[in-house]
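Participant: Submitted below is the structure of interest, expressed as structure tokens.
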Amino acid sequence: MKVRTTYNKYSKVPSSTGATGYDVARRILDAHGLYDVQIEEIRGVLTDHYDPRAKVVRLSSDIYHGHSLAAIAVAAHECGHALQDQEEYAFLRFRSALVPLASFGSNISWILILAGIFLTATNLLLLGIIFMAFAVLFQVVTLPVEFNASSRAMNQVVSLGLIRNEEEGGARKVLNAAAMTYVAAAAVAVIELLRFILMYFAMNSED
């Protein structure tokens, strides 16, 4: 709700420069010699992301064509990930390495956990917890990656003159709101993991 409220507010505030999300992304990438990184338009709302394998910044239509503060902030954030990739940012590399384990762990963990609970099989529950831990670790590692990308984004839009001084507050609010969704997701994932760990110890104590 916070992200959408903030996004909706600043998507109605036009930037003084009139630059679109595409313009901003291209300026940032070119300023760092990333001429080979392409920018593509995709469907959806807030579906924007950077694909490190394809070396592509994908922007939703509203961001790609938009010239609001929200469009500038989101486009710059995704370029922040491209800059991380260029510099081989450690947390981005670690997160990318975790993707297969996190994806598999997220899919299989619930099956093992539910089987362990219904069958009162602590070994299955423990195995499910271990697999879930990989997915949770992915969420936690995502935090520094996203906050760093937002920090880079602000630095770029300011240093390249893509926004004016009085617009910095609005752009920062958009970036902070987006980052908080990752904080919320990580917090929920950690609490959920702790709940099952406590359940595991409770089942063991009963035995």
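Chain labels follow the order of the structure tokens: the first chain is A, the next B, and so on; residue numbering restarts at 1 in every chain, and ligands are counted from 1 in their shown order.
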Got a sec: who's within 12 Å of Ala82 of chain A, counting only C-alpha atoms, leaving out chain neighbours fewer than 3 positions off, as an NGL selection string?
Facilitator: :A and (25-26 or 28-30 or 32-39 or 49-58 or 75-79 or 85-89 or 92 or 145-146 or 148-150 or 152-153)
Participant: Find the spatial neighbours of Ile117 of chain A, counting only C-alpha atoms, within a cut-off of 9 Å - ignore same-chain residues fewer than 5 positions away - and output them as a PyMOL selection string.
Facilitator: chain A and resi 112+122+124-125+199-200+203
Participant: I'd like to know which residues of segment 26-175 of chain A are strand (DSSP E or B) (by DSSP, run on the backbone); could you write them as a list in words?
Facilitator: Gln38, Ile39, Glu40, Glu41, Ile42, His49, Tyr50, Asp51, Val56, Val57, Arg58, Leu59, Ser60 and Ser68 of chain A
Participant: List the neighbours of segment 4-15 of chain A out to 7 Å using only C-alpha atoms; skip same-chain residues closer than 3 positions along the sequence, and give me the result as a PyMOL selection string.
Facilitator: chain A and resi 1+18+67-71+163+170+174+177
Participant: A:Ile72, A:Leu126, A:Val45, A:Ala102: which is nearest Arg172 of chain A, counting only C-alpha atoms?
Facilitator: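 Under the stated criterion, the closest residue is A:Ile72.
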